[in-house]
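Colleague: I'd like to ask some things about the structure below.
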Amino acid sequence: MTTSINTLPLKERLLSLFYQHLPSIKGQATAGVNRLREEGLAEFERQGFPHPKMENWRFSDITPLLETDFAFDFSNQSRPFEIEKIFTCDVYDLDTFSVTLLNGWFVYKNAPLTRLSNGTVIGSLAKAMEVYPEIIDKYLGKAALPGKSGLTALNTAFIQDGLFIYVPEGVKVEKPIQLINIVNSPTPVFLQPRHLTIVEKGAKVTLVHCDHSLTHNPSFTNTVLEIFAHPQAEVDHYKIQNKGRNSALFTSTFFHLEKESKVNSNIITLNGSFIRNNVDVLLKEEEGHADLNGLYLTDRNQHIDNQVFIDHASPNCFSNQLYKGILDDQARAIFSGRILVEREAQKTLAYQNNKNLLLTDDAKVNTQPHLEIYADDVKCSHGATVGQLDPDAMFYLRSRGIGEHAARQLLMLAFADEVVQKISIEPLRQRISNMVEKRLKGELSICDQCVLHCSDKGPATFNIDMSKI
């Protein structure tokens with residue numbers, strides 16, 4: 001089931017493994033998907049892994065991560081893993097349609113694809129390749145082009161399973177869809193989930209995506225998510241990251257927006273050894289709307305890198321970015337936000353703001369706002385700040401009898417709250433607010449079962465029939 005090779009550099013190992021396991025990798029995919037895989041492999045062979053000599057990777061060196069002797073899993077079969085015993089926790093009282101990935105493979109109870117009464121389809125990408133080949137061929141790899149980066153190309157070459165969502169025209173999915181991505185392996189593991197979401201005209205969906213590790217073994221997760229929003233569609237996307245100290249998590253999210261569609265993206269990073277979030281938005285048609293928010297709380301030697309690119313390709317579109325970070329100890333953060341306003345994109349409104357608090361002299365942040373404008377009738381702005389806690393505010397709180405430690409906590413909570421308040425799901429906003437408070441007090445453990453499952457409600461389990469994996 002699992003293959004581990006350690007005699008070649010990781011790039012050469014992956015190229016070799018592709019051909020060695022080609023029948024398993026192909027599965028029941030269409031000829032179009034297999035051509036896409038070959039295109040991805042060729043692009044990865046050309047680009048390789050990113051390195052610090054690349055402009056947008058010069059502050060994030062992943063070379064040490066690539067020296068690990070990772071295992072790879074290309075076959076979808078039962079594993080000796082009793083998730084009901086290990087993944088017992090206090091259930092978070094969030095009413096969602098929840099789905100689970102285990103080591104990149106979709107886990108299901110009754111069927112790999114579920115069709116709701118309103119026509120929405122939720123389930124395994126691998127199964128969707130068999131059941132809906134025309135949809136897969138139309139959308140897969142059309143936003144996440146292999147040429148975007150070596151990691152995107154690598155993920156494309158090894159597309160096997162992940163989450164598939166299809167929302168028909170005019171359907172408003174009432175419950176958020178919650179994706180819980182679990183990593184559990186006795187050895188270091190290299191994973192590449194691939195997700196695809198299509199939201200048809202006038203439809204609406206909310207996706208909550210969290211990543212969790214059940215062991216402290218090293219892992220390298222290279223995730224690619226494509227979201228297509230057709231005219232007047234709305235997408236709310238929440239990504240919550242609370243990973244272990246040996247987890248490297250790379251997520252590339254591609255939003256493809258058509259006329260009058262909207263996307264609201266929120267990325268909350270509470271823990272993680274090495275995390276990189278790439279957000280790529282194409283405002284393809286008029287009156288597209290993108291609201292992108294991020295919060296990163298990092299300490300010790302953690303490394304958090306957020307890269308945002310917004311392409312205003314049509315007139316009368318709006319985009320706003322708000323990313324805030326609090327860094328402690330020797331932590332490192334990077335923010336790079338690039339706004340491209342193309343010549344045809346008149347009447348563009350585009351704003352970007354990145355704010356950072358450094359709690360120690362050893363913490364470090366690199367922030368890079370970019371504006372590239374070719375139209376002449378636009379309103380655009382960008383700004384970035386790096387500073388410490390406001391001494392005047394500290395003095396004001398201390399003068400009213402509040403201790404120094406409590407005063408620091410209050411100021412940090414107020415700083416983070418601007419992003420937390422962007423979360424539109426009330427129970428999720430309250431939960432994230434509590435988690436941020438615990439995180440800033442040093443009380444939030446990465447060993448909590450799941451970032452969305454740590455309330456004081458009664459214990460429950462995920463009833464997953466492992467024989468159905």
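A note on labels: chains of the structure tokens are A, B, ... as shown, every chain counts residues from 1, and ligands are counted from 1 in their shown order.
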Mind checking which residues fall within 12 Å of Arg37 (chain A), counting only C-alpha atoms, ignoring those fewer than 6 positions away in the same chain, and posting them as JSON, numbers by chain?
Modeller: {"A": [15, 18, 19, 22, 25, 26, 29, 30, 31, 43, 44, 140, 141, 145, 146, 152, 153, 154, 155, 156, 157, 158, 159, 160]}
Colleague: Which residues are close to region 399-415 of chain A, i.e. within 10 Å by only C-alpha atoms, leaving aside same-chain residues fewer than 3 positions away? Reply as a PDB file with all heavy atoms, in the first residue's frame.
Modeller:
ATOM      1  N   LYS A 324      -3.927  40.318   8.972  1.00  0.00           N
ATOM      2  CA  LYS A 324      -3.294  40.802  10.199  1.00  0.00           C
ATOM      3  C   LYS A 324      -2.540  39.656  10.878  1.00  0.00           C
ATOM      4  O   LYS A 324      -3.000  38.500  10.860  1.00  0.00           O
ATOM      5  CB  LYS A 324      -4.342  41.389  11.156  1.00  0.00           C
ATOM      6  CG  LYS A 324      -5.173  42.503  10.524  1.00  0.00           C
ATOM      7  CD  LYS A 324      -6.170  43.112  11.484  1.00  0.00           C
ATOM      8  CE  LYS A 324      -5.521  44.105  12.419  1.00  0.00           C
ATOM      9  NZ  LYS A 324      -6.517  44.875  13.194  1.00  0.00           N
ATOM     10  N   GLY A 325      -1.397  39.993  11.485  1.00  0.00           N
ATOM     11  CA  GLY A 325      -0.596  38.959  12.129  1.00  0.00           C
ATOM     12  C   GLY A 325      -0.035  39.415  13.458  1.00  0.00           C
ATOM     13  O   GLY A 325       0.285  40.590  13.657  1.00  0.00           O
ATOM     14  N   ILE A 326       0.081  38.455  14.399  1.00  0.00           N
ATOM     15  CA  ILE A 326       0.740  38.684  15.683  1.00  0.00           C
ATOM     16  C   ILE A 326       1.858  37.654  15.796  1.00  0.00           C
ATOM     17  O   ILE A 326       1.602  36.447  15.725  1.00  0.00           O
ATOM     18  CB  ILE A 326      -0.238  38.547  16.857  1.00  0.00           C
ATOM     19  CG1 ILE A 326      -1.384  39.553  16.720  1.00  0.00           C
ATOM     20  CG2 ILE A 326       0.485  38.760  18.182  1.00  0.00           C
ATOM     21  CD1 ILE A 326      -2.449  39.443  17.801  1.00  0.00           C
ATOM     22  N   LYS A 355      -1.374  44.366   8.414  1.00  0.00           N
ATOM     23  CA  LYS A 355      -0.904  44.931   9.682  1.00  0.00           C
ATOM     24  C   LYS A 355      -0.286  43.826  10.528  1.00  0.00           C
ATOM     25  O   LYS A 355      -0.828  42.717  10.595  1.00  0.00           O
ATOM     26  CB  LYS A 355      -2.067  45.577  10.438  1.00  0.00           C
ATOM     27  CG  LYS A 355      -2.732  46.729   9.691  1.00  0.00           C
ATOM     28  CD  LYS A 355      -3.893  47.297  10.490  1.00  0.00           C
ATOM     29  CE  LYS A 355      -4.574  48.451   9.749  1.00  0.00           C
ATOM     30  NZ  LYS A 355      -5.726  48.990  10.512  1.00  0.00           N
ATOM     31  N   ASN A 356       0.812  44.152  11.186  1.00  0.00           N
ATOM     32  CA  ASN A 356       1.536  43.144  11.967  1.00  0.00           C
ATOM     33  C   ASN A 356       1.967  43.704  13.316  1.00  0.00           C
ATOM     34  O   ASN A 356       2.401  44.854  13.409  1.00  0.00           O
ATOM     35  CB  ASN A 356       2.779  42.697  11.201  1.00  0.00           C
ATOM     36  CG  ASN A 356       2.440  42.063   9.867  1.00  0.00           C
ATOM     37  OD1 ASN A 356       2.115  40.885   9.794  1.00  0.00           O
ATOM     38  ND2 ASN A 356       2.478  42.860   8.802  1.00  0.00           N
ATOM     39  N   LEU A 357       1.849  42.842  14.334  1.00  0.00           N
ATOM     40  CA  LEU A 357       2.349  43.158  15.667  1.00  0.00           C
ATOM     41  C   LEU A 357       3.513  42.224  15.982  1.00  0.00           C
ATOM     42  O   LEU A 357       3.366  40.992  15.926  1.00  0.00           O
ATOM     43  CB  LEU A 357       1.250  42.935  16.712  1.00  0.00           C
ATOM     44  CG  LEU A 357       0.250  44.068  16.975  1.00  0.00           C
ATOM     45  CD1 LEU A 357      -0.714  43.631  18.081  1.00  0.00           C
ATOM     46  CD2 LEU A 357       0.965  45.345  17.377  1.00  0.00           C
ATOM     47  N   LEU A 359       5.891  40.964  18.950  1.00  0.00           N
ATOM     48  CA  LEU A 359       5.946  40.983  20.409  1.00  0.00           C
ATOM     49  C   LEU A 359       7.357  40.866  20.950  1.00  0.00           C
ATOM     50  O   LEU A 359       7.584  41.083  22.145  1.00  0.00           O
ATOM     51  CB  LEU A 359       5.069  39.860  20.973  1.00  0.00           C
ATOM     52  CG  LEU A 359       3.595  39.869  20.531  1.00  0.00           C
ATOM     53  CD1 LEU A 359       2.831  38.734  21.212  1.00  0.00           C
ATOM     54  CD2 LEU A 359       2.946  41.215  20.837  1.00  0.00           C
ATOM     55  N   LEU A 389       2.961  46.743  20.437  1.00  0.00           N
ATOM     56  CA  LEU A 389       1.750  47.175  21.130  1.00  0.00           C
ATOM     57  C   LEU A 389       1.857  48.652  21.459  1.00  0.00           C
ATOM     58  O   LEU A 389       2.921  49.154  21.843  1.00  0.00           O
ATOM     59  CB  LEU A 389       1.563  46.355  22.410  1.00  0.00           C
ATOM     60  CG  LEU A 389       1.214  44.874  22.213  1.00  0.00           C
ATOM     61  CD1 LEU A 389       1.218  44.147  23.552  1.00  0.00           C
ATOM     62  CD2 LEU A 389      -0.143  44.722  21.526  1.00  0.00           C
ATOM     63  N   ASP A 390       0.756  49.347  21.285  1.00  0.00           N
ATOM     64  CA  ASP A 390       0.723  50.794  21.483  1.00  0.00           C
ATOM     65  C   ASP A 390       1.027  51.142  22.944  1.00  0.00           C
ATOM     66  O   ASP A 390       0.249  50.792  23.847  1.00  0.00           O
ATOM     67  CB  ASP A 390      -0.669  51.299  21.096  1.00  0.00           C
ATOM     68  CG  ASP A 390      -0.765  52.808  21.161  1.00  0.00           C
ATOM     69  OD1 ASP A 390       0.184  53.446  21.653  1.00  0.00           O
ATOM     70  OD2 ASP A 390      -1.796  53.349  20.718  1.00  0.00           O
ATOM     71  N   ALA A 393      -1.809  53.084  24.671  1.00  0.00           N
ATOM     72  CA  ALA A 393      -2.953  52.238  25.039  1.00  0.00           C
ATOM     73  C   ALA A 393      -2.613  51.387  26.263  1.00  0.00           C
ATOM     74  O   ALA A 393      -3.464  51.201  27.146  1.00  0.00           O
ATOM     75  CB  ALA A 393      -3.332  51.352  23.856  1.00  0.00           C
ATOM     76  N   MET A 394      -1.380  50.882  26.324  1.00  0.00           N
ATOM     77  CA  MET A 394      -0.952  50.116  27.496  1.00  0.00           C
ATOM     78  C   MET A 394      -1.019  50.991  28.752  1.00  0.00           C
ATOM     79  O   MET A 394      -1.509  50.560  29.809  1.00  0.00           O
ATOM     80  CB  MET A 394       0.474  49.596  27.291  1.00  0.00           C
ATOM     81  CG  MET A 394       0.580  48.371  26.404  1.00  0.00           C
ATOM     82  SD  MET A 394      -0.083  46.877  27.180  1.00  0.00           S
ATOM     83  CE  MET A 394       1.084  46.630  28.513  1.00  0.00           C
ATOM     84  N   PHE A 395      -0.535  52.204  28.639  1.00  0.00           N
ATOM     85  CA  PHE A 395      -0.548  53.116  29.801  1.00  0.00           C
ATOM     86  C   PHE A 395      -1.979  53.385  30.248  1.00  0.00           C
ATOM     87  O   PHE A 395      -2.282  53.391  31.440  1.00  0.00           O
ATOM     88  CB  PHE A 395       0.152  54.423  29.434  1.00  0.00           C
ATOM     89  CG  PHE A 395       0.116  55.441  30.529  1.00  0.00           C
ATOM     90  CD1 PHE A 395       1.007  55.369  31.603  1.00  0.00           C
ATOM     91  CD2 PHE A 395      -0.832  56.469  30.505  1.00  0.00           C
ATOM     92  CE1 PHE A 395       0.952  56.306  32.620  1.00  0.00           C
ATOM     93  CE2 PHE A 395      -0.894  57.399  31.538  1.00  0.00           C
ATOM     94  CZ  PHE A 395      -0.006  57.322  32.593  1.00  0.00           C
ATOM     95  N   TYR A 396      -2.874  53.596  29.258  1.00  0.00           N
ATOM     96  CA  TYR A 396      -4.273  53.883  29.584  1.00  0.00           C
ATOM     97  C   TYR A 396      -4.893  52.712  30.359  1.00  0.00           C
ATOM     98  O   TYR A 396      -5.549  52.903  31.387  1.00  0.00           O
ATOM     99  CB  TYR A 396      -5.051  54.126  28.289  1.00  0.00           C
ATOM    100  CG  TYR A 396      -6.524  54.333  28.505  1.00  0.00           C
ATOM    101  CD1 TYR A 396      -7.028  55.584  28.865  1.00  0.00           C
ATOM    102  CD2 TYR A 396      -7.422  53.267  28.355  1.00  0.00           C
ATOM    103  CE1 TYR A 396      -8.388  55.776  29.077  1.00  0.00           C
ATOM    104  CE2 TYR A 396      -8.779  53.458  28.565  1.00  0.00           C
ATOM    105  CZ  TYR A 396      -9.262  54.711  28.922  1.00  0.00           C
ATOM    106  OH  TYR A 396     -10.604  54.889  29.138  1.00  0.00           O
ATOM    107  N   GLU A 418     -10.730  42.477  14.482  1.00  0.00           N
ATOM    108  CA  GLU A 418     -11.183  43.086  13.228  1.00  0.00           C
ATOM    109  C   GLU A 418     -11.352  42.030  12.128  1.00  0.00           C
ATOM    110  O   GLU A 418     -12.269  42.114  11.307  1.00  0.00           O
ATOM    111  CB  GLU A 418     -10.185  44.162  12.775  1.00  0.00           C
ATOM    112  CG  GLU A 418     -10.638  44.929  11.539  1.00  0.00           C
ATOM    113  CD  GLU A 418      -9.629  45.995  11.120  1.00  0.00           C
ATOM    114  OE1 GLU A 418      -8.543  46.058  11.730  1.00  0.00           O
ATOM    115  OE2 GLU A 418      -9.944  46.754  10.174  1.00  0.00           O
ATOM    116  N   VAL A 419     -10.456  41.037  12.136  1.00  0.00           N
ATOM    117  CA  VAL A 419     -10.569  39.957  11.157  1.00  0.00           C
ATOM    118  C   VAL A 419     -11.617  38.937  11.601  1.00  0.00           C
ATOM    119  O   VAL A 419     -12.423  38.470  10.785  1.00  0.00           O
ATOM    120  CB  VAL A 419      -9.213  39.262  10.949  1.00  0.00           C
ATOM    121  CG1 VAL A 419      -9.364  38.072  10.000  1.00  0.00           C
ATOM    122  CG2 VAL A 419      -8.195  40.251  10.388  1.00  0.00           C
ATOM    123  N   VAL A 420     -11.623  38.615  12.887  1.00  0.00           N
ATOM    124  CA  VAL A 420     -12.588  37.625  13.385  1.00  0.00           C
ATOM    125  C   VAL A 420     -14.021  38.069  13.079  1.00  0.00           C
ATOM    126  O   VAL A 420     -14.879  37.258  12.721  1.00  0.00           O
ATOM    127  CB  VAL A 420     -12.397  37.404  14.897  1.00  0.00           C
ATOM    128  CG1 VAL A 420     -13.498  36.498  15.457  1.00  0.00           C
ATOM    129  CG2 VAL A 420     -11.020  36.802  15.178  1.00  0.00           C
ATOM    130  N   SER A 433     -13.303  33.156  17.881  1.00  0.00           N
ATOM    131  CA  SER A 433     -12.947  34.189  18.853  1.00  0.00           C
ATOM    132  C   SER A 433     -12.408  33.571  20.130  1.00  0.00           C
ATOM    133  O   SER A 433     -11.394  34.018  20.684  1.00  0.00           O
ATOM    134  CB  SER A 433     -14.190  35.053  19.159  1.00  0.00           C
ATOM    135  OG  SER A 433     -13.880  36.043  20.107  1.00  0.00           O
ATOM    136  N   VAL A 436      -8.947  32.114  19.371  1.00  0.00           N
ATOM    137  CA  VAL A 436      -7.925  33.167  19.290  1.00  0.00           C
ATOM    138  C   VAL A 436      -7.527  33.616  20.685  1.00  0.00           C
ATOM    139  O   VAL A 436      -6.340  33.803  20.990  1.00  0.00           O
ATOM    140  CB  VAL A 436      -8.462  34.345  18.449  1.00  0.00           C
ATOM    141  CG1 VAL A 436      -7.555  35.569  18.598  1.00  0.00           C
ATOM    142  CG2 VAL A 436      -8.566  33.945  16.985  1.00  0.00           C
ATOM    143  N   GLU A 437      -8.529  33.768  21.564  1.00  0.00           N
ATOM    144  CA  GLU A 437      -8.228  34.173  22.939  1.00  0.00           C
ATOM    145  C   GLU A 437      -7.351  33.129  23.632  1.00  0.00           C
ATOM    146  O   GLU A 437      -6.359  33.464  24.289  1.00  0.00           O
ATOM    147  CB  GLU A 437      -9.523  34.378  23.723  1.00  0.00           C
ATOM    148  CG  GLU A 437      -9.295  34.871  25.148  1.00  0.00           C
ATOM    149  CD  GLU A 437     -10.601  35.178  25.875  1.00  0.00           C
ATOM    150  OE1 GLU A 437     -11.669  35.126  25.220  1.00  0.00           O
ATOM    151  OE2 GLU A 437     -10.542  35.471  27.087  1.00  0.00           O
ATOM    152  N   LEU A 440      -3.801  33.264  22.193  1.00  0.00           N
ATOM    153  CA  LEU A 440      -2.999  34.385  22.661  1.00  0.00           C
ATOM    154  C   LEU A 440      -2.604  34.223  24.135  1.00  0.00           C
ATOM    155  O   LEU A 440      -1.622  34.796  24.585  1.00  0.00           O
ATOM    156  CB  LEU A 440      -3.760  35.698  22.456  1.00  0.00           C
ATOM    157  CG  LEU A 440      -3.967  36.088  20.985  1.00  0.00           C
ATOM    158  CD1 LEU A 440      -4.833  37.333  20.871  1.00  0.00           C
ATOM    159  CD2 LEU A 440      -2.634  36.308  20.283  1.00  0.00           C
ATOM    160  N   LYS A 441      -3.375  33.419  24.874  1.00  0.00           N
ATOM    161  CA  LYS A 441      -3.012  33.127  26.259  1.00  0.00           C
ATOM    162  C   LYS A 441      -2.063  31.944  26.368  1.00  0.00           C
ATOM    163  O   LYS A 441      -1.635  31.576  27.442  1.00  0.00           O
ATOM    164  CB  LYS A 441      -4.279  32.820  27.077  1.00  0.00           C
ATOM    165  CG  LYS A 441      -5.179  34.030  27.311  1.00  0.00           C
ATOM    166  CD  LYS A 441      -6.404  33.614  28.113  1.00  0.00           C
ATOM    167  CE  LYS A 441      -7.301  34.812  28.409  1.00  0.00           C
ATOM    168  NZ  LYS A 441      -8.520  34.412  29.148  1.00  0.00           N
TER     169      LYS A 441
END
Colleague: Can you work out the spacing between CA of Gly288 (chain A) and CA of Thr251 (chain A) in Å, to one decimal?
Modeller: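 Taking CA of Gly288 (chain A) and CA of Thr251 (chain A), their separation equals 23.2 Å.
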Colleague: Write out as a PyMOL selection string each polymer residue whose atoms come within 12 Å of Ala143 (chain A), counting only C-alpha atoms; drop sequence neighbours fewer than 2 positions from it.
Modeller: chain A and resi 138-141+145-148+152+156+195-198+224-229+252-257+279-284
Colleague: Keeping N, CA, C and O atoms, export the residues of the selection given above as a tab-separated table (two decimals), in the first residue's frame.
Modeller:
chain	number	residue	atom	x	y	z
A	138	LYS	N	-14.58	19.67	-17.99
A	138	LYS	CA	-14.85	21.08	-18.25
A	138	LYS	C	-14.12	22.00	-17.27
A	138	LYS	O	-13.70	23.09	-17.64
A	139	TYR	N	-13.98	21.54	-16.01
A	139	TYR	CA	-13.48	22.46	-14.98
A	139	TYR	C	-12.09	22.09	-14.41
A	139	TYR	O	-11.32	23.00	-14.07
A	140	LEU	N	-11.79	20.84	-14.24
A	140	LEU	CA	-10.57	20.47	-13.53
A	140	LEU	C	-9.33	21.01	-14.24
A	140	LEU	O	-9.12	20.76	-15.43
A	141	GLY	N	-8.54	21.73	-13.51
A	141	GLY	CA	-7.29	22.27	-14.06
A	141	GLY	C	-7.46	23.52	-14.90
A	141	GLY	O	-6.49	24.02	-15.46
A	145	LEU	N	-3.96	26.31	-13.35
A	145	LEU	CA	-3.15	25.87	-14.49
A	145	LEU	C	-1.82	25.33	-14.00
A	145	LEU	O	-1.19	25.91	-13.10
A	146	PRO	N	-1.35	24.21	-14.54
A	146	PRO	CA	-0.08	23.63	-14.07
A	146	PRO	C	1.09	24.62	-14.12
A	146	PRO	O	2.01	24.54	-13.31
A	147	GLY	N	1.04	25.56	-15.07
A	147	GLY	CA	2.14	26.51	-15.18
A	147	GLY	C	2.19	27.54	-14.07
A	147	GLY	O	3.16	28.30	-13.98
A	148	LYS	N	1.16	27.57	-13.20
A	148	LYS	CA	1.14	28.55	-12.12
A	148	LYS	C	2.33	28.40	-11.18
A	148	LYS	O	2.89	29.39	-10.71
A	152	THR	N	1.71	23.42	-7.84
A	152	THR	CA	0.42	23.20	-8.51
A	152	THR	C	0.59	22.15	-9.61
A	152	THR	O	-0.27	21.27	-9.78
A	156	THR	N	-1.24	18.51	-9.78
A	156	THR	CA	-2.00	18.14	-10.98
A	156	THR	C	-1.57	16.79	-11.53
A	156	THR	O	-2.40	15.97	-11.95
A	195	HIS	N	-9.19	19.45	-4.65
A	195	HIS	CA	-10.61	19.75	-4.44
A	195	HIS	C	-11.14	20.59	-5.61
A	195	HIS	O	-10.44	21.44	-6.15
A	196	LEU	N	-12.43	20.35	-5.92
A	196	LEU	CA	-13.07	21.07	-7.02
A	196	LEU	C	-14.49	21.45	-6.60
A	196	LEU	O	-15.26	20.60	-6.18
A	197	THR	N	-14.81	22.75	-6.71
A	197	THR	CA	-16.14	23.24	-6.36
A	197	THR	C	-16.68	24.08	-7.51
A	197	THR	O	-16.00	25.00	-7.98
A	198	ILE	N	-17.90	23.73	-7.95
A	198	ILE	CA	-18.56	24.48	-9.03
A	198	ILE	C	-19.87	25.01	-8.48
A	198	ILE	O	-20.71	24.25	-7.99
A	224	VAL	N	-4.49	21.62	-3.54
A	224	VAL	CA	-4.96	22.58	-4.54
A	224	VAL	C	-6.50	22.56	-4.54
A	224	VAL	O	-7.11	21.49	-4.56
A	225	LEU	N	-7.08	23.74	-4.49
A	225	LEU	CA	-8.53	23.88	-4.50
A	225	LEU	C	-8.93	24.84	-5.61
A	225	LEU	O	-8.40	25.96	-5.70
A	226	GLU	N	-9.86	24.41	-6.46
A	226	GLU	CA	-10.41	25.28	-7.51
A	226	GLU	C	-11.88	25.55	-7.21
A	226	GLU	O	-12.64	24.61	-6.95
A	227	ILE	N	-12.25	26.83	-7.25
A	227	ILE	CA	-13.65	27.21	-7.02
A	227	ILE	C	-14.12	28.07	-8.19
A	227	ILE	O	-13.53	29.12	-8.47
A	228	PHE	N	-15.19	27.62	-8.86
A	228	PHE	CA	-15.76	28.36	-9.99
A	228	PHE	C	-17.10	28.94	-9.57
A	228	PHE	O	-18.02	28.19	-9.20
A	229	ALA	N	-17.20	30.27	-9.62
A	229	ALA	CA	-18.43	30.96	-9.27
A	229	ALA	C	-19.03	31.57	-10.54
A	229	ALA	O	-18.47	32.50	-11.12
A	252	SER	N	-3.02	25.97	-2.17
A	252	SER	CA	-3.21	26.91	-3.28
A	252	SER	C	-4.68	26.92	-3.65
A	252	SER	O	-5.23	25.90	-4.07
A	253	THR	N	-5.33	28.07	-3.47
A	253	THR	CA	-6.76	28.21	-3.73
A	253	THR	C	-6.97	29.15	-4.91
A	253	THR	O	-6.45	30.27	-4.92
A	254	PHE	N	-7.73	28.69	-5.87
A	254	PHE	CA	-7.97	29.46	-7.09
A	254	PHE	C	-9.47	29.76	-7.20
A	254	PHE	O	-10.28	28.84	-7.28
A	255	PHE	N	-9.80	31.06	-7.16
A	255	PHE	CA	-11.19	31.50	-7.33
A	255	PHE	C	-11.35	32.05	-8.75
A	255	PHE	O	-10.59	32.91	-9.17
A	256	HIS	N	-12.39	31.56	-9.43
A	256	HIS	CA	-12.67	32.00	-10.80
A	256	HIS	C	-14.06	32.62	-10.80
A	256	HIS	O	-15.06	31.91	-10.70
A	257	LEU	N	-14.13	33.95	-10.87
A	257	LEU	CA	-15.39	34.66	-10.68
A	257	LEU	C	-15.93	35.21	-12.00
A	257	LEU	O	-15.22	35.91	-12.73
A	279	VAL	N	-3.45	32.41	-2.50
A	279	VAL	CA	-4.82	32.71	-2.91
A	279	VAL	C	-4.75	33.45	-4.23
A	279	VAL	O	-4.11	34.50	-4.34
A	280	ASP	N	-5.41	32.89	-5.25
A	280	ASP	CA	-5.35	33.43	-6.61
A	280	ASP	C	-6.78	33.70	-7.07
A	280	ASP	O	-7.59	32.77	-7.15
A	281	VAL	N	-7.09	34.96	-7.33
A	281	VAL	CA	-8.46	35.34	-7.70
A	281	VAL	C	-8.47	35.95	-9.09
A	281	VAL	O	-7.71	36.88	-9.37
A	282	LEU	N	-9.33	35.42	-9.95
A	282	LEU	CA	-9.53	36.01	-11.27
A	282	LEU	C	-10.93	36.61	-11.32
A	282	LEU	O	-11.93	35.90	-11.24
A	283	LEU	N	-10.98	37.95	-11.42
A	283	LEU	CA	-12.26	38.64	-11.61
A	283	LEU	C	-12.46	38.75	-13.11
A	283	LEU	O	-12.11	39.73	-13.76
A	284	LYS	N	-13.03	37.68	-13.65
A	284	LYS	CA	-13.06	37.50	-15.09
A	284	LYS	C	-14.07	38.40	-15.79
A	284	LYS	O	-13.84	38.87	-16.90
Colleague: Hey, which of A:Ser75, A:Gln368, A:Ser213, A:Asn103 ends up closest to Pro193 (chain A)? Count only C-alpha atoms.
Modeller: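 Ranked by minimum distance to Pro193 (chain A), first place goes to A:Asn103.
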Colleague: Using DSSP on the backbone coordinates, identify all residues within region 261-428 of chain A classified as alpha helix (DSSP H); present the result as a VMD selection string.
Modeller: chain A and resid 391 to 399 404 to 420 426 to 428
Colleague: Residues of region 57-220 of chain A in strand (DSSP E or B) according to DSSP, as a PyMOL selection string?
Modeller: chain A and resi 71-73+89-90+97-102+105-107+113-115+121-124+163-167+172+177-183+189-191+194-199+204-213+219-220
Colleague: Next, the residues of the selection above should be written as a compact mmCIF listing (two decimals), in the first residue's frame with C-alpha atoms.
Modeller:
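In the end it all went to result-v9.txt:
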# COMPACT_ATOMS: atom_id res chain seq x y z
CA ALA A 71 6.08 7.77 2.20
CA PHE A 72 3.47 8.01 -0.58
CA ASP A 73 0.09 6.34 -0.81
CA CYS A 89 -13.81 14.69 20.94
CA ASP A 90 -16.17 17.30 22.24
CA PHE A 97 -22.75 18.84 6.28
CA SER A 98 -19.39 17.37 7.29
CA VAL A 99 -17.09 15.25 5.16
CA THR A 100 -13.69 13.80 5.98
CA LEU A 101 -10.48 13.13 4.15
CA LEU A 102 -7.98 10.69 5.64
CA TRP A 105 -8.61 10.00 0.52
CA PHE A 106 -12.31 10.69 0.84
CA VAL A 107 -13.97 8.74 3.67
CA LEU A 113 -21.11 10.78 -3.70
CA THR A 114 -24.17 12.26 -1.99
CA ARG A 115 -26.86 14.03 -3.97
CA VAL A 121 -23.60 16.87 -5.17
CA ILE A 122 -20.98 16.41 -2.44
CA GLY A 123 -18.36 13.68 -2.29
CA SER A 124 -15.23 12.09 -3.60
CA LEU A 163 -13.60 16.88 -2.25
CA PHE A 164 -16.02 17.45 -5.13
CA ILE A 165 -18.92 19.90 -4.79
CA TYR A 166 -21.45 20.82 -7.46
CA VAL A 167 -24.21 23.33 -6.67
CA LYS A 172 -28.74 28.12 -1.86
CA ILE A 177 -20.13 22.12 4.01
CA GLN A 178 -17.35 21.27 6.46
CA LEU A 179 -14.26 19.51 5.17
CA ILE A 180 -12.08 17.90 7.84
CA ASN A 181 -8.74 16.89 6.40
CA ILE A 182 -7.02 14.41 8.74
CA VAL A 183 -3.40 13.34 8.50
CA VAL A 189 3.96 11.18 4.62
CA PHE A 190 3.60 13.28 1.46
CA LEU A 191 -0.02 14.09 0.54
CA ARG A 194 -7.26 18.01 -4.86
CA HIS A 195 -10.61 19.75 -4.44
CA LEU A 196 -13.07 21.07 -7.02
CA THR A 197 -16.14 23.24 -6.36
CA ILE A 198 -18.56 24.48 -9.03
CA VAL A 199 -21.27 26.97 -8.06
CA LYS A 204 -24.67 29.98 -2.97
CA VAL A 205 -22.48 27.74 -0.82
CA THR A 206 -20.36 28.01 2.32
CA LEU A 207 -17.27 25.84 2.70
CA VAL A 208 -15.44 25.42 6.01
CA HIS A 209 -12.09 23.72 5.58
CA CYS A 210 -9.91 22.62 8.47
CA ASP A 211 -6.69 20.62 8.58
CA HIS A 212 -5.69 18.39 11.46
CA SER A 213 -2.86 16.00 12.32
CA SER A 219 3.98 15.52 6.89
CA PHE A 220 4.03 17.54 3.69
Colleague: Return the single residue from A:His382, A:Arg439, A:Lys127, A:His51 that is closest to Leu65 (chain A), with distances computed using only C-alpha atoms.
Modeller: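 Smallest separation from Leu65 (chain A) among the options: A:His51.
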Colleague: Which residues come within 8 Å of His216 (chain A), counting only C-alpha atoms, excluding same-chain residues fewer than 3 positions away, as a list in words?
Modeller: Ser213, Gly244, Arg245, Asn246 and Ser247 of chain A
